[in-house]
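S.K.: Enclosed is the structure file start.csv (CSV, C-alpha atoms and all ligand atoms).
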```csv
chain,number,residue,atom,x,y,z
D,6,MET,CA,17.2,-11.3,17.9
D,7,HIS,CA,17.5,-14.2,15.5
D,8,GLU,CA,14.4,-15.9,16.9
D,9,LEU,CA,12.3,-12.8,16.8
D,10,PRO,CA,9.1,-12.9,14.7
D,11,GLU,CA,9.4,-11.4,11.3
D,12,THR,CA,7.2,-8.4,12.1
D,13,GLU,CA,9.6,-7.4,14.9
D,14,LEU,CA,12.7,-7.9,12.8
D,15,ILE,CA,11.1,-5.6,10.2
D,16,GLN,CA,10.3,-3.0,12.8
D,17,LYS,CA,13.9,-3.1,14.1
D,18,ALA,CA,15.2,-2.9,10.5
D,19,GLN,CA,13.0,0.1,9.9
D,20,GLN,CA,14.6,1.7,12.9
D,21,GLY,CA,17.9,1.3,11.1
D,22,HIS,CA,19.3,-1.9,12.8
D,23,PRO,CA,21.5,-3.6,10.3
D,24,LEU,CA,21.6,-6.9,12.3
D,25,ALA,CA,17.8,-7.2,12.2
D,26,PHE,CA,18.0,-6.7,8.4
D,27,ARG,CA,20.7,-9.3,8.2
D,28,TYR,CA,18.4,-11.9,9.8
D,29,LEU,CA,15.8,-11.0,7.2
D,30,VAL,CA,18.3,-11.5,4.4
D,31,GLU,CA,19.4,-14.8,5.9
D,32,ARG,CA,15.8,-16.0,6.1
D,33,HIS,CA,14.9,-15.1,2.6
D,34,GLN,CA,18.0,-15.1,0.4
D,35,LYS,CA,17.7,-18.8,-0.6
D,36,MET,CA,14.1,-18.3,-1.8
D,37,THR,CA,14.9,-15.1,-3.5
D,38,TYR,CA,17.9,-16.6,-5.2
D,39,THR,CA,15.9,-19.6,-6.4
D,40,LEU,CA,13.2,-17.4,-7.8
D,41,ALA,CA,15.8,-15.2,-9.7
D,42,TYR,CA,17.6,-18.3,-10.9
D,43,ARG,CA,14.4,-19.8,-12.3
D,44,PHE,CA,14.0,-16.6,-14.4
D,45,LEU,CA,17.5,-16.1,-15.5
D,46,ASN,CA,19.0,-19.6,-15.4
D,47,ASN,CA,22.4,-18.1,-14.5
D,48,ALA,CA,24.1,-17.9,-11.1
D,49,ASP,CA,25.8,-14.5,-11.5
D,50,ASP,CA,22.7,-12.8,-12.8
D,51,ALA,CA,20.6,-14.3,-10.1
D,52,LYS,CA,23.0,-13.1,-7.4
D,53,ASP,CA,23.0,-9.6,-8.9
D,54,ILE,CA,19.2,-9.6,-8.7
D,55,VAL,CA,19.0,-10.8,-5.1
D,56,GLN,CA,21.5,-8.1,-4.0
D,57,GLU,CA,19.6,-5.4,-5.8
D,58,ALA,CA,16.3,-6.7,-4.4
D,59,PHE,CA,17.5,-6.5,-0.8
D,60,ILE,CA,19.0,-3.0,-1.4
D,61,ARG,CA,15.6,-1.8,-2.7
D,62,ILE,CA,13.9,-3.4,0.3
D,63,TRP,CA,16.4,-1.7,2.7
D,64,LYS,CA,15.9,1.7,1.0
D,65,ASN,CA,12.1,1.4,1.1
D,66,LEU,CA,11.5,-0.2,4.4
D,67,ASP,CA,9.5,2.8,5.5
D,68,GLN,CA,6.9,2.0,2.8
D,69,TYR,CA,6.4,-1.6,3.9
D,70,LYS,CA,2.8,-2.4,4.6
D,71,PRO,CA,2.4,-5.0,7.3
D,72,GLU,CA,-0.8,-6.3,5.8
D,73,VAL,CA,1.3,-7.7,2.9
D,74,LYS,CA,3.6,-10.7,3.7
D,75,PHE,CA,7.2,-9.7,3.6
D,76,SER,CA,7.9,-12.6,1.2
D,77,THR,CA,5.2,-11.4,-1.2
D,78,TRP,CA,6.9,-7.9,-1.2
D,79,LEU,CA,10.2,-9.6,-1.9
D,80,TYR,CA,8.6,-11.7,-4.7
D,81,LYS,CA,7.2,-8.6,-6.3
D,82,ILE,CA,10.5,-6.7,-6.3
D,83,THR,CA,12.6,-9.7,-7.4
D,84,THR,CA,10.1,-10.5,-10.2
D,85,ASN,CA,10.1,-7.0,-11.5
D,86,LEU,CA,13.9,-6.9,-11.4
D,87,CYS,CA,14.1,-10.2,-13.3
D,88,LEU,CA,11.7,-9.0,-15.9
D,89,ASP,CA,13.7,-5.8,-16.4
D,90,ARG,CA,16.8,-7.9,-16.8
D,91,ILE,CA,15.1,-10.2,-19.3
D,92,LYS,CA,14.0,-7.2,-21.3
D,93,SER,CA,17.4,-5.8,-21.5
D,94,LYS,CA,19.3,-6.4,-24.7
D,95,HIS,CA,22.4,-7.5,-22.7
D,96,HIS,CA,20.5,-10.5,-21.2
D,97,GLN,CA,19.0,-11.4,-24.5
D,98,GLN,CA,22.5,-11.9,-26.0
D,99,GLN,CA,23.6,-13.9,-23.0
D,100,LYS,CA,20.4,-16.0,-23.2
D,101,ASN,CA,21.2,-17.0,-26.8
D,102,GLN,CA,24.6,-18.1,-25.6
D,103,VAL,CA,23.0,-20.1,-22.8
D,104,SER,CA,20.7,-21.6,-25.3
D,105,GLU,CA,23.6,-23.0,-27.4
D,106,ASP,CA,25.4,-24.3,-24.3
D,107,PHE,CA,22.2,-26.0,-23.1
D,108,LYS,CA,21.7,-27.8,-26.4
D,109,ILE,CA,25.1,-29.4,-26.0
D,110,ALA,CA,24.5,-30.2,-22.3
D,111,SER,CA,21.1,-31.8,-22.7
D,112,SER,CA,21.8,-33.7,-25.9
D,113,THR,CA,22.6,-36.9,-23.9
D,114,THR,CA,19.3,-37.1,-21.9
D,115,PRO,CA,16.4,-37.7,-24.2
D,116,GLU,CA,14.9,-41.0,-23.0
D,117,LYS,CA,15.2,-41.2,-19.2
D,118,ILE,CA,13.5,-39.7,-16.2
D,119,LEU,CA,15.8,-36.8,-15.4
D,120,GLU,CA,17.2,-36.1,-12.0
D,121,GLN,CA,15.5,-33.2,-10.3
D,122,GLU,CA,18.6,-31.0,-10.9
D,123,GLU,CA,18.6,-31.7,-14.6
D,124,LEU,CA,14.9,-31.5,-14.8
D,125,ALA,CA,14.9,-28.0,-13.1
D,126,ALA,CA,17.6,-26.8,-15.6
D,127,PHE,CA,15.6,-28.1,-18.5
D,128,VAL,CA,12.3,-26.5,-17.4
D,129,HIS,CA,14.0,-23.2,-16.5
D,130,HIS,CA,15.6,-23.1,-19.8
D,131,ALA,CA,12.4,-24.0,-21.6
D,132,ALA,CA,10.5,-21.3,-19.7
D,133,GLN,CA,12.9,-18.7,-21.1
D,134,THR,CA,11.2,-19.0,-24.4
D,135,LEU,CA,7.9,-17.9,-23.1
D,136,THR,CA,6.8,-14.2,-23.2
D,137,PRO,CA,7.9,-12.4,-20.0
D,138,LYS,CA,4.4,-12.3,-18.6
D,139,GLN,CA,3.8,-16.0,-19.3
D,140,GLN,CA,7.2,-16.8,-17.8
D,141,ALA,CA,6.5,-14.8,-14.7
D,142,VAL,CA,3.1,-16.3,-14.1
D,143,PHE,CA,4.3,-19.8,-14.8
D,144,ILE,CA,7.3,-19.5,-12.5
D,145,LEU,CA,5.3,-18.0,-9.6
D,146,SER,CA,2.4,-20.4,-10.0
D,147,ASP,CA,3.8,-23.8,-11.1
D,148,LEU,CA,7.4,-23.6,-9.9
D,149,GLN,CA,7.2,-21.5,-6.8
D,150,GLY,CA,3.7,-22.7,-5.8
D,151,LEU,CA,2.3,-19.3,-5.1
D,152,SER,CA,-1.5,-18.9,-4.7
D,153,MET,CA,-3.5,-16.9,-7.2
D,154,ASN,CA,-3.8,-14.0,-4.7
D,155,GLU,CA,-0.1,-13.9,-4.1
D,156,ILE,CA,0.6,-13.8,-7.8
D,157,GLU,CA,-2.0,-11.1,-8.2
D,158,GLU,CA,-0.2,-9.1,-5.4
D,159,SER,CA,3.3,-9.8,-6.8
D,160,LEU,CA,2.6,-9.0,-10.5
D,161,GLY,CA,-0.1,-6.4,-10.2
D,162,MET,CA,-2.2,-8.3,-12.8
D,163,SER,CA,-5.8,-9.2,-12.7
D,164,LYS,CA,-6.8,-12.8,-12.0
D,165,GLY,CA,-8.3,-13.1,-15.5
D,166,ASN,CA,-5.0,-11.9,-17.1
D,167,ILE,CA,-3.0,-14.3,-14.9
D,168,LYS,CA,-5.2,-17.3,-15.9
D,169,SER,CA,-5.0,-16.4,-19.5
D,170,ASN,CA,-1.2,-16.1,-19.4
D,171,LEU,CA,-0.9,-19.3,-17.3
D,172,TYR,CA,-3.0,-21.2,-19.9
D,173,TYR,CA,-0.7,-20.3,-22.8
D,174,ALA,CA,2.4,-20.8,-20.7
D,175,ARG,CA,1.3,-24.3,-19.6
D,176,LEU,CA,0.3,-25.3,-23.2
D,177,ALA,CA,3.8,-24.2,-24.4
D,178,MET,CA,5.6,-25.8,-21.5
D,179,GLN,CA,3.7,-29.1,-21.7
D,180,GLU,CA,4.6,-29.2,-25.4
D,181,LYS,CA,8.3,-28.7,-24.5
D,182,ILE,CA,8.5,-31.4,-21.8
D,183,LYS,CA,6.4,-34.0,-23.5
D,184,ASN,CA,9.5,-35.7,-24.9
D,185,ILE,CA,11.4,-35.9,-21.7
D,186,PHE,CA,8.7,-37.4,-19.4
D,187,PHE,CA,8.7,-41.1,-20.0
D,188,THR,CA,6.9,-43.8,-18.2
D,189,PRO,CA,6.0,-47.0,-20.1
D,190,SER,CA,2.3,-46.0,-20.4
D,191,THR,CA,3.0,-42.5,-21.7
D,192,ILE,CA,5.4,-43.2,-24.6
D,193,THR,CA,3.0,-42.1,-27.2
D,194,SER,CA,4.5,-39.0,-28.8
M,15,MET,CA,-19.5,-29.0,-22.0
M,16,ASN,CA,-17.9,-29.9,-25.3
M,17,CYS,CA,-14.4,-31.3,-25.7
M,18,LYS,CA,-12.8,-28.0,-26.7
M,19,LYS,CA,-14.1,-26.3,-23.6
M,20,ALA,CA,-13.1,-29.3,-21.5
M,21,GLU,CA,-9.5,-29.1,-22.8
M,22,GLN,CA,-9.2,-25.4,-21.9
M,23,HIS,CA,-10.5,-26.2,-18.4
M,24,ILE,CA,-8.2,-29.2,-18.0
M,25,ILE,CA,-5.1,-27.0,-18.6
M,26,LEU,CA,-6.2,-24.7,-15.8
M,27,TYR,CA,-7.8,-27.5,-13.7
M,28,SER,CA,-6.0,-26.5,-10.4
M,29,GLU,CA,-7.3,-23.0,-10.8
M,30,LEU,CA,-10.9,-23.9,-11.3
M,31,SER,CA,-13.7,-23.3,-8.9
M,32,ILE,CA,-15.4,-26.3,-7.3
M,33,ALA,CA,-18.4,-25.8,-9.6
M,34,GLU,CA,-16.2,-25.6,-12.7
M,35,LYS,CA,-14.3,-28.7,-11.6
M,36,THR,CA,-17.5,-30.6,-11.2
M,37,GLN,CA,-18.5,-29.7,-14.8
M,38,VAL,CA,-15.2,-31.0,-16.1
M,39,ASP,CA,-15.5,-34.2,-14.0
M,40,ILE,CA,-18.9,-34.9,-15.4
M,41,HIS,CA,-17.5,-34.5,-19.0
M,42,LEU,CA,-14.5,-36.7,-18.2
M,43,GLU,CA,-16.8,-39.5,-16.9
M,44,ASN,CA,-18.4,-39.6,-20.4
M,45,CYS,CA,-15.5,-38.9,-22.7
M,46,VAL,CA,-12.6,-41.3,-23.0
M,47,ALA,CA,-10.5,-39.0,-25.2
M,48,CYS,CA,-10.6,-36.1,-22.7
M,49,GLN,CA,-10.0,-38.6,-19.8
M,50,ARG,CA,-6.8,-39.7,-21.5
M,51,MET,CA,-5.7,-36.1,-22.2
M,52,PHE,CA,-6.5,-35.2,-18.6
M,53,THR,CA,-4.2,-38.0,-17.3
M,54,THR,CA,-1.3,-37.0,-19.6
M,55,LEU,CA,-1.6,-33.3,-18.8
M,56,GLN,CA,-1.7,-34.0,-15.1
M,57,GLN,CA,1.4,-36.2,-15.4
M,58,ARG,CA,3.3,-33.5,-17.2
M,59,GLN,CA,2.1,-30.9,-14.7
M,60,SER,CA,3.5,-33.1,-12.0
M,61,ILE,CA,7.0,-32.5,-13.4
M,62,PHE,CA,6.6,-28.8,-12.5
M,63,ASN,CA,5.3,-29.6,-9.0
M,64,ASN,CA,8.3,-31.9,-8.6
M,65,ILE,CA,10.6,-28.9,-9.2
M,66,GLN,CA,8.9,-26.8,-6.6
M,67,SER,CA,11.0,-28.4,-3.8
M,68,TRP,CA,14.2,-27.7,-5.8
M,69,ASN,CA,16.3,-24.8,-4.5
M,70,ALA,CA,19.1,-23.2,-6.4
M,71,ALA,CA,22.2,-23.7,-4.2
M,72,ILE,CA,24.2,-20.6,-3.2
M,73,LYS,CA,27.8,-21.6,-3.1
M,74,ASP,CA,28.7,-19.7,0.1
M,75,PRO,CA,25.5,-18.4,1.7
M,76,VAL,CA,27.3,-16.6,4.6
M,77,ALA,CA,29.7,-14.8,2.2
M,78,PHE,CA,26.7,-13.9,0.1
M,79,THR,CA,24.8,-12.4,3.0
M,80,ASP,CA,28.0,-10.4,3.9
M,81,GLN,CA,28.2,-9.2,0.3
M,82,ILE,CA,24.5,-8.0,0.4
M,83,MET,CA,25.0,-6.3,3.8
M,84,GLU,CA,28.1,-4.5,2.6
M,85,ALA,CA,26.3,-3.3,-0.5
M,86,LEU,CA,23.5,-1.6,1.5
M,87,PRO,CA,23.6,2.2,1.5
M,88,LYS,CA,24.6,3.3,5.0
M,89,LYS,CA,21.8,4.3,7.3
M,90,SER,CA,22.6,5.9,10.7
M,91,VAL,CA,20.9,4.2,13.6
M,92,GLN,CA,21.3,7.5,15.5
M,93,ALA,CA,19.5,9.5,12.9
M,94,GLU,CA,16.7,7.0,13.0
M,95,LYS,CA,16.5,7.2,16.8
M,96,LYS,CA,16.4,11.0,16.6
M,97,ARG,CA,13.6,10.8,14.0
M,98,ASN,CA,11.7,8.4,16.2
M,99,THR,CA,12.1,10.7,19.3
M,100,PHE,CA,10.7,13.5,17.2
M,101,SER,CA,7.8,11.5,15.9
M,102,ALA,CA,7.2,10.2,19.5
M,103,LEU,CA,6.3,13.8,20.3
M,104,PHE,CA,3.2,13.3,18.4
M,105,ASN,CA,2.2,10.1,20.0
M,106,TRP,CA,1.4,11.5,23.4
M,107,THR,CA,-1.2,9.8,25.6
M,108,PRO,CA,-4.1,12.1,26.6
M,109,LEU,CA,-2.5,12.5,30.1
M,110,GLN,CA,0.8,13.6,28.6
M,111,THR,CA,-1.0,16.0,26.2
M,112,GLY,CA,-3.0,17.4,29.1
M,113,LEU,CA,0.2,18.0,31.2
M,114,VAL,CA,2.0,19.7,28.3
M,115,ALA,CA,-1.0,21.8,27.5
M,116,CYS,CA,-1.3,22.9,31.2
M,117,SER,CA,2.4,23.8,31.4
M,118,LEU,CA,2.1,25.8,28.2
M,119,ILE,CA,-0.9,27.7,29.6
M,120,LEU,CA,0.9,28.4,32.9
M,121,PHE,CA,4.0,29.6,30.9
M,122,PHE,CA,1.9,32.0,28.9
M,123,THR,CA,0.0,33.1,31.9
M,124,PHE,CA,2.7,33.7,34.4
M,125,GLY,CA,5.8,33.9,32.2
M,126,GLY,CA,4.7,37.4,31.2
M,127,GLU,CA,4.6,38.5,34.9
M,128,PHE,CA,8.3,37.9,35.3
M,129,SER,CA,9.3,39.5,32.1
M,130,ARG,CA,7.2,42.6,32.8
M,131,HIS,CA,9.3,43.3,35.9
M,132,ALA,CA,12.6,42.4,34.3
M,133,PRO,CA,15.1,45.3,34.9
M,134,ASN,CA,16.9,45.4,31.5
M,135,PRO,CA,14.6,45.2,28.5
M,136,GLN,CA,17.6,44.6,26.2
M,137,LEU,CA,18.2,41.3,27.9
M,138,GLN,CA,14.7,40.0,27.4
M,139,PRO,CA,13.9,37.4,24.8
M,140,PRO,CA,12.1,38.5,21.7
M,141,ILE,CA,8.9,37.0,23.1
M,142,LYS,CA,6.7,38.7,25.7
M,143,ASN,CA,3.7,37.1,27.2
M,144,GLY,CA,4.0,34.4,24.5
M,145,ILE,CA,3.4,37.1,21.8
M,146,VAL,CA,6.1,37.9,19.3
M,147,LEU,CA,7.2,41.5,19.5
M,148,SER,CA,6.5,42.5,15.9
M,149,ILE,CA,2.8,43.2,16.5
M,150,ASN,CA,0.2,43.1,13.8
M,151,LEU,CA,-3.6,43.1,14.0
M,152,GLN,CA,-3.9,39.3,14.3
M,153,ASP,CA,-1.5,39.4,17.2
M,154,LEU,CA,-3.5,42.1,18.9
M,155,ILE,CA,-6.7,40.1,18.7
M,156,GLN,CA,-4.9,37.1,19.9
M,157,ALA,CA,-3.5,39.0,22.8
M,158,LYS,CA,-7.0,40.2,23.8
M,159,ARG,CA,-8.2,36.7,23.8
M,160,GLU,CA,-5.3,35.5,25.9
M,161,ARG,CA,-5.9,38.3,28.4
M,162,ALA,CA,-9.5,37.2,28.8
M,163,ALA,CA,-8.4,33.5,29.2
M,164,ARG,CA,-5.8,34.5,31.7
M,165,ILE,CA,-8.3,36.2,34.0
M,166,SER,CA,-10.6,33.1,34.0
M,167,LEU,CA,-7.7,30.7,34.6
M,168,ALA,CA,-6.4,32.9,37.4
M,169,ASP,CA,-9.9,32.8,38.9
M,170,ILE,CA,-9.9,29.0,38.7
M,171,ILE,CA,-6.5,28.8,40.4
M,172,ARG,CA,-7.5,31.2,43.1
M,173,LYS,CA,-10.7,29.3,43.7
M,174,ASN,CA,-8.8,26.0,44.0
M,175,GLN,CA,-6.3,27.5,46.3
M,176,SER,CA,-9.0,28.8,48.7
M,177,LEU,CA,-10.7,25.4,48.5
M,178,ALA,CA,-7.5,23.7,49.5
M,179,LEU,CA,-6.9,26.1,52.3
M,180,SER,CA,-10.5,25.6,53.7
M,181,LYS,CA,-10.0,21.8,53.6
M,182,LYS,CA,-6.9,22.2,55.7
D,201,ZN,ZN,-14.2,-34.7,-24.4
```
What is this structure when it is put down as structure tokens?
Ligand SMILES: [Zn+2]
M.R.:
Amino acid sequence: MHELPETELIQKAQQGHPLAFRYLVERHQKMTYTLAYRFLNNADDAKDIVQEAFIRIWKNLDQYKPEVKFSTWLYKITTNLCLDRIKSKHHQQQKNQVSEDFKIASSTTPEKILEQEELAAFVHHAAQTLTPKQQAVFILSDLQGLSMNEIEESLGMSKGNIKSNLYYARLAMQEKIKNIFFTPSTITS
Amino acid sequence: MNCKKAEQHIILYSELSIAEKTQVDIHLENCVACQRMFTTLQQRQSIFNNIQSWNAAIKDPVAFTDQIMEALPKKSVQAEKKRNTFSALFNWTPLQTGLVACSLILFFTFGGEFSRHAPNPQLQPPIKNGIVLSINLQDLIQAKRERAARISLADIIRKNQSLALSKK
């Protein structure tokens, strides 16, 4: 069953076969976890969100529309859960805590090209200062590499609204990273 | 295109249409300041593209899958099967539908013949000739229609039988 095309796995899962659903989870949990992690910058929160996202998918499998990619549906649910988590006061408090931790952790890396891991941590952290909409658009577009149509589907926003949020998000993010990206020709600011 | 407009377009360069990109390109060819800004912004943007291939590592992916599966609310496969059998009733092919319709007509036509001669009326089901016993006006009209249909159907069957006999 593991090699079955996704549509067949979904059909079997819709009929209540847990094994088929397990294969879907195995295929998508890494991507879902990465997406949640980019939003929340915290492993435990990201795991919570992934689990909740798959529970929602499982409960609503009947409502799945085959014309939408399964991953897009998963992106939509995960993004909404992350945004809800971000809006919650609880996360806000944790975020402030992370913020303090990060200042200490990143204080030793001002003038070198960062490793991808460090770079990711820095960018994810910086993205947390954007508005939730800007953060969502920026993460889906620039960090997850989704197309404009996929973002539209995932966020339920118009293309104009997406572009406007992306514009301000990129402006802010470029400002934040300008001091960490150094090549001899670009040490200007 | 002026420099202010060009700057806005440069930020969203990857999202522009071909026509918009051409406009920006023409401006860049003639404006050194915007050209420099374009290079810088594209370099910074490449940092984000670089992170696209990064994946957050799940410490124990199998255990995590187990955890997700255990957290799912239980769904009975049997219940789903029953539901599907039920819904399958409404996915008959035309042939199946025809067959079922025929057997229903036959039941309503001849089923009554047996019950009419049943010795003990108390043992009979509450349905006679396909009509529920508590009779109202609607039921009477329906019964009349059915009687008319029964005659024509009986005629057809008789015709077919005689045709079959004559062929033999
Ligand atoms: Zn210019």
S.K.: Enumerate as a list in words the residues belonging to chain D that approach chain M to within 6 Å, with only C-alpha atoms taken into account.
M.R.: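 Therefore, the residues near the partner are Gln20, Gly21, Thr39, Gln56, Ile60, Ala125, Asp147, Leu148 and Gln149 of chain D.
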S.K.: Could you list, as an MDAnalysis selection string, all the residues within 9 Å of ligand ZN 201 (chain D), counting all atoms listed in the file?
M.R.: chainID M and resid 15:21 41:42 44:49 51
S.K.: Using all atoms listed in the file, find the one residue out of D:Phe127, D:Phe59, D:Phe44, D:Trp78 that sits nearest to Val142 in chain D.
M.R.: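 With all atoms listed in the file as the atom set, the closest residue is D:Phe44.
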S.K.: Quick one: everything within 9 Å of Tyr173 in chain D, counting only C-alpha atoms, minus sequence neighbours fewer than 5 positions away in the same chain. Send it as a PDB file with C-alpha atoms, keeping the file's coordinate frame.
M.R.:
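Dumped everything to around_28.pdb:
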```pdb
ATOM      1  CA  LEU D 135       7.900 -17.900 -23.100  1.00  0.00           C
ATOM      2  CA  GLN D 139       3.800 -16.000 -19.300  1.00  0.00           C
ATOM      3  CA  LYS D 168      -5.200 -17.300 -15.900  1.00  0.00           C
ATOM      4  CA  MET D 178       5.600 -25.800 -21.500  1.00  0.00           C
TER       5      MET D 178
END
```
S.K.: Which neighbours of Pro10 in chain D fall inside 12 Å, counting all atoms listed in the file, when residues of the same chain fewer than 5 positions from it are skipped, and could you give them as JSON, numbers by chain?
M.R.: {"D": [15, 16, 17, 25, 28, 29, 32, 75]}
S.K.: CA of Ser76 in chain D and CA of Thr37 in chain D, how far apart in Å?
M.R.: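 Those two atoms sit 8.8 Å apart.
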S.K.: Which distance in Å separates CA of Gly165 in chain D and CA of Ile32 in chain M, to one decimal?
M.R.: 17.1 Å
S.K.: Please measure the separation of CA of Leu145 in chain D and CA of Lys81 in chain D, giving the value in Å to one decimal.
M.R.: 10.1 Å
S.K.: Residues near Phe143 in chain D, anyone? I mean within 12 Å using only C-alpha atoms, not counting same-chain ones fewer than 5 positions away, as a VMD selection string.
M.R.: (chain D and resid 40 43 to 44 84 128 to 129 131 to 138 148 to 153 156 160 167 to 179) or (chain M and resid 26 59 62 to 63 66)
S.K.: Kindly provide, as a ChimeraX atom specification, the polymer residues lying within 12 Å of (6.9, -2.0, 6.1), counting only C-alpha atoms and using the coordinates exactly as they appear in the file.
M.R.: /D:11-20,62-76,78-79
S.K.: Find the spatial neighbours of Leu88 in chain D, counting only C-alpha atoms, within a cut-off of 10 Å - ignore same-chain residues fewer than 2 positions away - and output them as an NGL selection string.
M.R.: :D and (41 or 44-45 or 82-86 or 90-93 or 137-138 or 140-141)
